[in-house]
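J.: Following this line is final.txt, made up of compact mmCIF, all heavy atoms:
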# COMPACT_ATOMS: atom_id res chain seq x y z
N MET A 1 4.58 -39.66 -11.86
CA MET A 1 3.33 -39.18 -12.41
C MET A 1 3.55 -38.64 -13.82
O MET A 1 2.74 -38.88 -14.69
CB MET A 1 2.77 -38.12 -11.48
CG MET A 1 1.39 -37.73 -11.78
SD MET A 1 0.80 -36.68 -10.45
CE MET A 1 -0.91 -36.80 -10.71
N GLY A 2 4.61 -37.91 -14.05
CA GLY A 2 4.94 -37.47 -15.39
C GLY A 2 4.06 -36.35 -15.92
O GLY A 2 3.24 -35.79 -15.22
N ILE A 3 4.27 -36.05 -17.18
CA ILE A 3 3.58 -34.94 -17.82
C ILE A 3 2.08 -35.19 -17.94
O ILE A 3 1.28 -34.28 -17.85
CB ILE A 3 4.23 -34.65 -19.18
CG1 ILE A 3 4.75 -33.26 -19.22
CG2 ILE A 3 3.31 -34.90 -20.33
CD1 ILE A 3 5.50 -32.91 -20.45
N ALA A 4 1.68 -36.43 -18.10
CA ALA A 4 0.25 -36.74 -18.24
C ALA A 4 -0.52 -36.38 -16.97
O ALA A 4 -1.71 -36.10 -17.03
CB ALA A 4 0.07 -38.21 -18.58
N GLY A 5 0.15 -36.36 -15.85
CA GLY A 5 -0.51 -35.99 -14.60
C GLY A 5 -0.90 -34.53 -14.52
O GLY A 5 -1.69 -34.12 -13.67
N SER A 6 -0.33 -33.72 -15.39
CA SER A 6 -0.64 -32.28 -15.38
C SER A 6 -1.76 -31.92 -16.34
O SER A 6 -2.14 -30.76 -16.44
CB SER A 6 0.61 -31.47 -15.72
OG SER A 6 1.00 -31.71 -17.06
N ILE A 7 -2.30 -32.89 -17.06
CA ILE A 7 -3.40 -32.63 -17.99
C ILE A 7 -4.70 -32.49 -17.19
O ILE A 7 -5.02 -33.34 -16.36
CB ILE A 7 -3.53 -33.77 -19.03
CG1 ILE A 7 -2.25 -33.83 -19.88
CG2 ILE A 7 -4.75 -33.56 -19.91
CD1 ILE A 7 -2.20 -35.04 -20.80
N VAL A 8 -5.42 -31.40 -17.43
CA VAL A 8 -6.66 -31.17 -16.70
C VAL A 8 -7.85 -31.68 -17.49
O VAL A 8 -7.81 -31.76 -18.71
CB VAL A 8 -6.86 -29.68 -16.38
CG1 VAL A 8 -5.73 -29.16 -15.52
CG2 VAL A 8 -6.98 -28.85 -17.63
N ASN A 9 -8.89 -32.00 -16.78
CA ASN A 9 -10.14 -32.42 -17.40
C ASN A 9 -10.94 -31.15 -17.70
O ASN A 9 -11.56 -30.57 -16.82
CB ASN A 9 -10.90 -33.34 -16.44
CG ASN A 9 -12.20 -33.85 -17.03
OD1 ASN A 9 -12.78 -33.22 -17.90
ND2 ASN A 9 -12.63 -34.99 -16.54
N GLU A 10 -10.91 -30.71 -18.95
CA GLU A 10 -11.55 -29.45 -19.33
C GLU A 10 -13.05 -29.47 -19.08
O GLU A 10 -13.64 -28.46 -18.71
CB GLU A 10 -11.26 -29.14 -20.79
CG GLU A 10 -9.80 -28.83 -21.04
CD GLU A 10 -9.52 -28.44 -22.47
OE1 GLU A 10 -10.44 -27.92 -23.14
OE2 GLU A 10 -8.39 -28.65 -22.91
N GLU A 11 -13.67 -30.61 -19.27
CA GLU A 11 -15.12 -30.72 -19.06
C GLU A 11 -15.47 -30.47 -17.59
O GLU A 11 -16.45 -29.80 -17.28
CB GLU A 11 -15.60 -32.10 -19.49
CG GLU A 11 -17.10 -32.20 -19.58
CD GLU A 11 -17.53 -33.52 -20.19
OE1 GLU A 11 -16.94 -33.94 -21.20
OE2 GLU A 11 -18.46 -34.12 -19.63
N LEU A 12 -14.65 -30.98 -16.67
CA LEU A 12 -14.87 -30.74 -15.25
C LEU A 12 -14.79 -29.25 -14.93
O LEU A 12 -15.66 -28.71 -14.26
CB LEU A 12 -13.83 -31.50 -14.41
CG LEU A 12 -13.83 -31.14 -12.92
CD1 LEU A 12 -15.08 -31.70 -12.24
CD2 LEU A 12 -12.58 -31.63 -12.25
N PHE A 13 -13.76 -28.59 -15.43
CA PHE A 13 -13.60 -27.16 -15.16
C PHE A 13 -14.79 -26.38 -15.71
O PHE A 13 -15.30 -25.48 -15.05
CB PHE A 13 -12.30 -26.64 -15.77
CG PHE A 13 -11.12 -26.79 -14.87
CD1 PHE A 13 -10.51 -28.03 -14.70
CD2 PHE A 13 -10.61 -25.71 -14.18
CE1 PHE A 13 -9.42 -28.17 -13.87
CE2 PHE A 13 -9.51 -25.84 -13.34
CZ PHE A 13 -8.92 -27.08 -13.18
N GLN A 14 -15.23 -26.69 -16.93
CA GLN A 14 -16.31 -25.95 -17.55
C GLN A 14 -17.65 -26.23 -16.87
O GLN A 14 -18.36 -25.30 -16.50
CB GLN A 14 -16.42 -26.30 -19.04
CG GLN A 14 -17.50 -25.54 -19.77
CD GLN A 14 -17.26 -24.05 -19.82
OE1 GLN A 14 -16.17 -23.61 -20.09
NE2 GLN A 14 -18.29 -23.27 -19.57
N ASN A 15 -17.99 -27.48 -16.68
CA ASN A 15 -19.31 -27.83 -16.16
C ASN A 15 -19.43 -27.64 -14.66
O ASN A 15 -20.44 -27.16 -14.17
CB ASN A 15 -19.65 -29.28 -16.51
CG ASN A 15 -19.79 -29.49 -18.00
OD1 ASN A 15 -20.04 -28.56 -18.74
ND2 ASN A 15 -19.59 -30.71 -18.43
N TYR A 16 -18.42 -28.02 -13.90
CA TYR A 16 -18.51 -27.99 -12.44
C TYR A 16 -18.10 -26.63 -11.88
O TYR A 16 -18.73 -26.12 -10.96
CB TYR A 16 -17.63 -29.10 -11.84
CG TYR A 16 -17.72 -29.21 -10.35
CD1 TYR A 16 -18.86 -29.74 -9.74
CD2 TYR A 16 -16.66 -28.81 -9.55
CE1 TYR A 16 -18.95 -29.86 -8.36
CE2 TYR A 16 -16.74 -28.92 -8.17
CZ TYR A 16 -17.88 -29.45 -7.58
OH TYR A 16 -17.95 -29.55 -6.22
N MET A 17 -17.05 -26.04 -12.45
CA MET A 17 -16.52 -24.79 -11.90
C MET A 17 -16.89 -23.57 -12.74
O MET A 17 -16.65 -22.45 -12.32
CB MET A 17 -15.00 -24.88 -11.79
CG MET A 17 -14.55 -25.99 -10.88
SD MET A 17 -12.76 -26.02 -10.82
CE MET A 17 -12.50 -27.58 -10.00
N GLY A 18 -17.42 -23.78 -13.94
CA GLY A 18 -17.80 -22.67 -14.80
C GLY A 18 -16.61 -21.88 -15.33
O GLY A 18 -16.71 -20.69 -15.57
N MET A 19 -15.48 -22.56 -15.49
CA MET A 19 -14.26 -21.90 -15.94
C MET A 19 -13.80 -22.47 -17.28
O MET A 19 -13.94 -23.65 -17.52
CB MET A 19 -13.13 -22.13 -14.93
CG MET A 19 -13.38 -21.57 -13.57
SD MET A 19 -12.16 -22.13 -12.35
CE MET A 19 -10.62 -21.67 -13.10
N ARG A 20 -13.25 -21.59 -18.11
CA ARG A 20 -12.58 -22.05 -19.32
C ARG A 20 -11.10 -22.19 -19.00
O ARG A 20 -10.56 -21.49 -18.16
CB ARG A 20 -12.70 -21.02 -20.45
CG ARG A 20 -14.03 -20.97 -21.10
CD ARG A 20 -14.02 -20.01 -22.29
NE ARG A 20 -13.36 -18.74 -21.98
CZ ARG A 20 -12.35 -18.23 -22.67
NH1 ARG A 20 -11.87 -18.84 -23.72
NH2 ARG A 20 -11.81 -17.08 -22.34
N ASN A 21 -10.41 -23.08 -19.68
CA ASN A 21 -8.97 -23.25 -19.50
C ASN A 21 -8.23 -22.45 -20.55
O ASN A 21 -8.63 -22.40 -21.71
CB ASN A 21 -8.59 -24.72 -19.62
CG ASN A 21 -9.23 -25.55 -18.54
OD1 ASN A 21 -9.34 -25.13 -17.41
ND2 ASN A 21 -9.68 -26.74 -18.90
N GLU A 22 -7.14 -21.84 -20.13
CA GLU A 22 -6.24 -21.14 -21.04
C GLU A 22 -4.88 -21.80 -20.91
O GLU A 22 -4.45 -22.15 -19.81
CB GLU A 22 -6.12 -19.66 -20.67
CG GLU A 22 -7.38 -18.86 -20.89
CD GLU A 22 -7.66 -18.59 -22.35
OE1 GLU A 22 -6.70 -18.54 -23.15
OE2 GLU A 22 -8.83 -18.42 -22.69
N TYR A 23 -4.20 -21.97 -22.02
CA TYR A 23 -2.88 -22.58 -22.02
C TYR A 23 -1.88 -21.53 -22.50
O TYR A 23 -1.99 -21.04 -23.62
CB TYR A 23 -2.86 -23.80 -22.93
CG TYR A 23 -3.84 -24.85 -22.45
CD1 TYR A 23 -5.13 -24.88 -22.94
CD2 TYR A 23 -3.47 -25.76 -21.47
CE1 TYR A 23 -6.04 -25.82 -22.47
CE2 TYR A 23 -4.37 -26.70 -21.01
CZ TYR A 23 -5.65 -26.72 -21.51
OH TYR A 23 -6.54 -27.65 -21.06
N VAL A 24 -0.95 -21.18 -21.64
CA VAL A 24 0.02 -20.14 -21.93
C VAL A 24 1.41 -20.66 -21.61
O VAL A 24 1.64 -21.22 -20.54
CB VAL A 24 -0.26 -18.87 -21.10
CG1 VAL A 24 0.74 -17.78 -21.39
CG2 VAL A 24 -1.68 -18.37 -21.32
N ASP A 25 2.34 -20.45 -22.51
CA ASP A 25 3.71 -20.83 -22.28
C ASP A 25 4.31 -19.89 -21.23
O ASP A 25 4.05 -18.69 -21.22
CB ASP A 25 4.49 -20.71 -23.59
CG ASP A 25 5.90 -21.21 -23.45
OD1 ASP A 25 6.10 -22.43 -23.50
OD2 ASP A 25 6.79 -20.37 -23.28
N MET A 26 5.11 -20.44 -20.32
CA MET A 26 5.69 -19.64 -19.24
C MET A 26 6.53 -18.49 -19.77
O MET A 26 6.55 -17.41 -19.18
CB MET A 26 6.53 -20.55 -18.33
CG MET A 26 7.00 -19.89 -17.08
SD MET A 26 5.60 -19.46 -16.06
CE MET A 26 6.40 -18.47 -14.84
N SER A 27 7.21 -18.68 -20.90
CA SER A 27 8.03 -17.59 -21.44
C SER A 27 7.16 -16.41 -21.87
O SER A 27 7.57 -15.25 -21.75
CB SER A 27 8.88 -18.08 -22.61
OG SER A 27 8.07 -18.56 -23.65
N GLU A 28 5.94 -16.66 -22.33
CA GLU A 28 5.02 -15.58 -22.68
C GLU A 28 4.57 -14.84 -21.44
O GLU A 28 4.46 -13.61 -21.42
CB GLU A 28 3.82 -16.13 -23.45
CG GLU A 28 2.76 -15.10 -23.78
CD GLU A 28 3.22 -14.00 -24.73
OE1 GLU A 28 4.28 -14.13 -25.36
OE2 GLU A 28 2.51 -12.98 -24.84
N LEU A 29 4.32 -15.56 -20.37
CA LEU A 29 3.92 -14.94 -19.11
C LEU A 29 5.03 -14.03 -18.59
O LEU A 29 4.78 -12.87 -18.22
CB LEU A 29 3.60 -16.04 -18.09
CG LEU A 29 3.03 -15.59 -16.77
CD1 LEU A 29 1.70 -14.90 -16.94
CD2 LEU A 29 2.90 -16.77 -15.84
N VAL A 30 6.25 -14.52 -18.60
CA VAL A 30 7.40 -13.72 -18.13
C VAL A 30 7.59 -12.50 -19.03
O VAL A 30 7.85 -11.39 -18.54
CB VAL A 30 8.67 -14.59 -18.09
CG1 VAL A 30 9.90 -13.74 -17.82
CG2 VAL A 30 8.54 -15.67 -17.04
N ARG A 31 7.44 -12.66 -20.34
CA ARG A 31 7.59 -11.54 -21.27
C ARG A 31 6.58 -10.44 -20.97
O ARG A 31 6.92 -9.26 -20.92
CB ARG A 31 7.41 -12.01 -22.72
CG ARG A 31 7.60 -10.91 -23.76
CD ARG A 31 7.29 -11.42 -25.16
NE ARG A 31 5.87 -11.50 -25.42
CZ ARG A 31 5.11 -10.47 -25.81
NH1 ARG A 31 5.64 -9.29 -26.01
NH2 ARG A 31 3.83 -10.64 -26.04
N ARG A 32 5.34 -10.83 -20.72
CA ARG A 32 4.30 -9.83 -20.44
C ARG A 32 4.56 -9.12 -19.11
O ARG A 32 4.31 -7.91 -19.00
CB ARG A 32 2.92 -10.48 -20.44
CG ARG A 32 2.46 -10.84 -21.82
CD ARG A 32 1.15 -11.61 -21.79
NE ARG A 32 0.74 -11.95 -23.12
CZ ARG A 32 -0.30 -11.37 -23.74
NH1 ARG A 32 -1.02 -10.46 -23.12
NH2 ARG A 32 -0.61 -11.72 -24.96
N ILE A 33 5.06 -9.83 -18.12
CA ILE A 33 5.39 -9.19 -16.85
C ILE A 33 6.58 -8.25 -17.03
O ILE A 33 6.54 -7.10 -16.57
CB ILE A 33 5.68 -10.25 -15.77
CG1 ILE A 33 4.39 -10.99 -15.42
CG2 ILE A 33 6.29 -9.61 -14.52
CD1 ILE A 33 4.59 -12.21 -14.54
N ASP A 34 7.63 -8.70 -17.70
CA ASP A 34 8.82 -7.88 -17.92
C ASP A 34 8.51 -6.60 -18.69
O ASP A 34 9.04 -5.54 -18.38
CB ASP A 34 9.90 -8.66 -18.67
CG ASP A 34 10.54 -9.73 -17.82
OD1 ASP A 34 10.37 -9.71 -16.58
OD2 ASP A 34 11.23 -10.61 -18.40
N LYS A 35 7.65 -6.70 -19.68
CA LYS A 35 7.33 -5.54 -20.52
C LYS A 35 6.07 -4.80 -20.04
O LYS A 35 5.62 -3.87 -20.70
CB LYS A 35 7.16 -5.97 -21.98
CG LYS A 35 8.45 -6.51 -22.57
CD LYS A 35 8.30 -6.78 -24.04
CE LYS A 35 9.59 -7.33 -24.61
NZ LYS A 35 10.50 -6.30 -25.01
N GLU A 36 5.55 -5.25 -18.90
CA GLU A 36 4.35 -4.65 -18.30
C GLU A 36 3.19 -4.59 -19.29
O GLU A 36 2.52 -3.57 -19.43
CB GLU A 36 4.67 -3.28 -17.73
CG GLU A 36 5.70 -3.36 -16.61
CD GLU A 36 6.01 -2.03 -15.97
OE1 GLU A 36 5.30 -1.03 -16.25
OE2 GLU A 36 6.96 -1.99 -15.18
N ILE A 37 2.96 -5.73 -19.96
CA ILE A 37 1.84 -5.85 -20.90
C ILE A 37 0.69 -6.55 -20.17
O ILE A 37 0.44 -7.73 -20.35
CB ILE A 37 2.25 -6.66 -22.15
CG1 ILE A 37 3.50 -6.07 -22.80
CG2 ILE A 37 1.11 -6.74 -23.14
CD1 ILE A 37 4.07 -6.93 -23.91
N PHE A 38 0.04 -5.81 -19.30
CA PHE A 38 -1.09 -6.34 -18.55
C PHE A 38 -1.89 -5.17 -17.99
O PHE A 38 -1.41 -4.03 -17.95
CB PHE A 38 -0.65 -7.29 -17.43
CG PHE A 38 0.32 -6.66 -16.44
CD1 PHE A 38 -0.14 -5.95 -15.36
CD2 PHE A 38 1.68 -6.80 -16.62
CE1 PHE A 38 0.74 -5.38 -14.46
CE2 PHE A 38 2.58 -6.24 -15.73
CZ PHE A 38 2.10 -5.51 -14.64
N ASP A 39 -3.09 -5.44 -17.56
CA ASP A 39 -3.95 -4.42 -16.96
C ASP A 39 -3.60 -4.31 -15.48
O ASP A 39 -3.83 -5.26 -14.73
CB ASP A 39 -5.41 -4.83 -17.14
CG ASP A 39 -6.40 -3.83 -16.58
OD1 ASP A 39 -5.99 -2.90 -15.87
OD2 ASP A 39 -7.60 -3.99 -16.85
N PRO A 40 -3.05 -3.18 -15.03
CA PRO A 40 -2.64 -3.05 -13.63
C PRO A 40 -3.78 -3.23 -12.63
O PRO A 40 -3.59 -3.80 -11.55
CB PRO A 40 -2.07 -1.63 -13.53
CG PRO A 40 -1.95 -1.12 -14.90
CD PRO A 40 -2.75 -2.00 -15.80
N GLU A 41 -4.98 -2.79 -13.00
CA GLU A 41 -6.13 -2.96 -12.09
C GLU A 41 -6.49 -4.44 -11.95
O GLU A 41 -6.79 -4.91 -10.86
CB GLU A 41 -7.32 -2.16 -12.59
CG GLU A 41 -7.12 -0.66 -12.48
CD GLU A 41 -8.29 0.12 -13.04
OE1 GLU A 41 -9.38 -0.46 -13.22
OE2 GLU A 41 -8.11 1.33 -13.29
N GLU A 42 -6.48 -5.15 -13.06
CA GLU A 42 -6.79 -6.58 -13.03
C GLU A 42 -5.72 -7.34 -12.24
O GLU A 42 -6.01 -8.27 -11.50
CB GLU A 42 -6.87 -7.12 -14.46
CG GLU A 42 -7.31 -8.56 -14.55
CD GLU A 42 -8.78 -8.77 -14.27
OE1 GLU A 42 -9.56 -7.81 -14.40
OE2 GLU A 42 -9.14 -9.90 -13.92
N TYR A 43 -4.47 -6.90 -12.39
CA TYR A 43 -3.36 -7.52 -11.66
C TYR A 43 -3.56 -7.36 -10.15
O TYR A 43 -3.42 -8.31 -9.40
CB TYR A 43 -2.05 -6.89 -12.11
CG TYR A 43 -0.83 -7.43 -11.40
CD1 TYR A 43 -0.36 -8.71 -11.65
CD2 TYR A 43 -0.16 -6.65 -10.47
CE1 TYR A 43 0.75 -9.20 -11.00
CE2 TYR A 43 0.96 -7.13 -9.81
CZ TYR A 43 1.41 -8.40 -10.08
OH TYR A 43 2.51 -8.89 -9.42
N GLN A 44 -3.91 -6.15 -9.72
CA GLN A 44 -4.13 -5.92 -8.29
C GLN A 44 -5.31 -6.75 -7.79
O GLN A 44 -5.28 -7.26 -6.66
CB GLN A 44 -4.37 -4.43 -8.02
CG GLN A 44 -3.13 -3.58 -8.20
CD GLN A 44 -1.99 -4.04 -7.30
OE1 GLN A 44 -2.17 -4.36 -6.14
NE2 GLN A 44 -0.80 -4.08 -7.87
N LEU A 45 -6.34 -6.87 -8.59
CA LEU A 45 -7.49 -7.69 -8.22
C LEU A 45 -7.09 -9.14 -8.04
O LEU A 45 -7.51 -9.81 -7.09
CB LEU A 45 -8.59 -7.55 -9.28
CG LEU A 45 -9.88 -8.32 -9.03
CD1 LEU A 45 -10.58 -7.78 -7.79
CD2 LEU A 45 -10.79 -8.17 -10.23
N ALA A 46 -6.23 -9.64 -8.94
CA ALA A 46 -5.78 -11.02 -8.86
C ALA A 46 -4.93 -11.29 -7.62
O ALA A 46 -4.89 -12.40 -7.12
CB ALA A 46 -4.99 -11.37 -10.12
N LEU A 47 -4.27 -10.26 -7.10
CA LEU A 47 -3.42 -10.43 -5.92
C LEU A 47 -4.21 -10.48 -4.62
O LEU A 47 -3.70 -10.90 -3.60
CB LEU A 47 -2.40 -9.29 -5.84
CG LEU A 47 -1.32 -9.27 -6.92
CD1 LEU A 47 -0.44 -8.05 -6.73
CD2 LEU A 47 -0.50 -10.55 -6.89
N GLN A 48 -5.46 -10.06 -4.67
CA GLN A 48 -6.29 -10.05 -3.46
C GLN A 48 -6.60 -11.48 -3.01
O GLN A 48 -6.80 -12.36 -3.83
CB GLN A 48 -7.62 -9.32 -3.72
CG GLN A 48 -7.45 -7.87 -4.10
CD GLN A 48 -6.73 -7.07 -3.04
OE1 GLN A 48 -7.03 -7.17 -1.86
NE2 GLN A 48 -5.76 -6.29 -3.47
N PRO A 49 -6.60 -11.70 -1.69
CA PRO A 49 -6.95 -13.04 -1.20
C PRO A 49 -8.38 -13.40 -1.58
O PRO A 49 -9.24 -12.53 -1.69
CB PRO A 49 -6.83 -12.92 0.32
CG PRO A 49 -6.41 -11.54 0.63
CD PRO A 49 -6.33 -10.75 -0.63
N ALA A 50 -8.60 -14.66 -1.81
CA ALA A 50 -9.94 -15.15 -2.18
C ALA A 50 -10.89 -14.93 -1.02
O ALA A 50 -10.55 -15.20 0.13
CB ALA A 50 -9.88 -16.61 -2.56
N SER A 51 -12.06 -14.41 -1.31
CA SER A 51 -13.07 -14.26 -0.26
C SER A 51 -13.90 -15.52 -0.22
O SER A 51 -14.30 -16.06 -1.23
CB SER A 51 -13.96 -13.04 -0.53
OG SER A 51 -14.60 -13.16 -1.78
N GLY A 52 -14.11 -16.00 0.98
CA GLY A 52 -14.72 -17.29 1.00
C GLY A 52 -15.94 -17.44 1.75
O GLY A 52 -16.67 -18.29 1.79
Show me, as structure tokens, the structure contained in the file I just sent.

T.:
Amino acid sequence: MGIAGSIVNEELFQNYMGMRNEYVDMSELVRRIDKEIFDPEEYQLALQPASG
């Protein structure tokens, strides 16, 4: 499948799911976690199971 298989259809996400896409390098994500550069309340909210 290769790298092209990981490309998302941004129009689908925006129109069907109402979401914007963000592209973040994994090293930036790890840096923010290591240095605790995030909102702790938002982090706890993100850890909650999805209500369905």

J.: Would you give me, as a PyMOL selection string, the residues in chain A that DSSP reads as helix (DSSP H, G or I)?

T.: chain A and resi 3-6+10-17+26-34+40-47

J.: What's the separation between CB of Asn9 (chain A) and CG of Glu42 (chain A), in Å to one decimal place?

T.: 25.1 Å

J.: Quick one: distance from CA of Asp25 (chain A) to CA of Pro40 (chain A) in Å, one decimal?

T.: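 Computing the Euclidean distance for CA of Asp25 (chain A) and CA of Pro40 (chain A) yields 20.8 Å.
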
J.: Please return, as JSON, numbers by chain, all polymer residues that have at least one atom within 5 Å of the point (2.7, -8.0, -13.7); use all atoms listed in the file and the file's own coordinate frame.

T.: {"A": [33, 38, 43]}

J.: One decimal, in Å: what's the spacing between CD1 of Tyr23 (chain A) and CA of Glu10 (chain A)?

T.: 8.7 Å
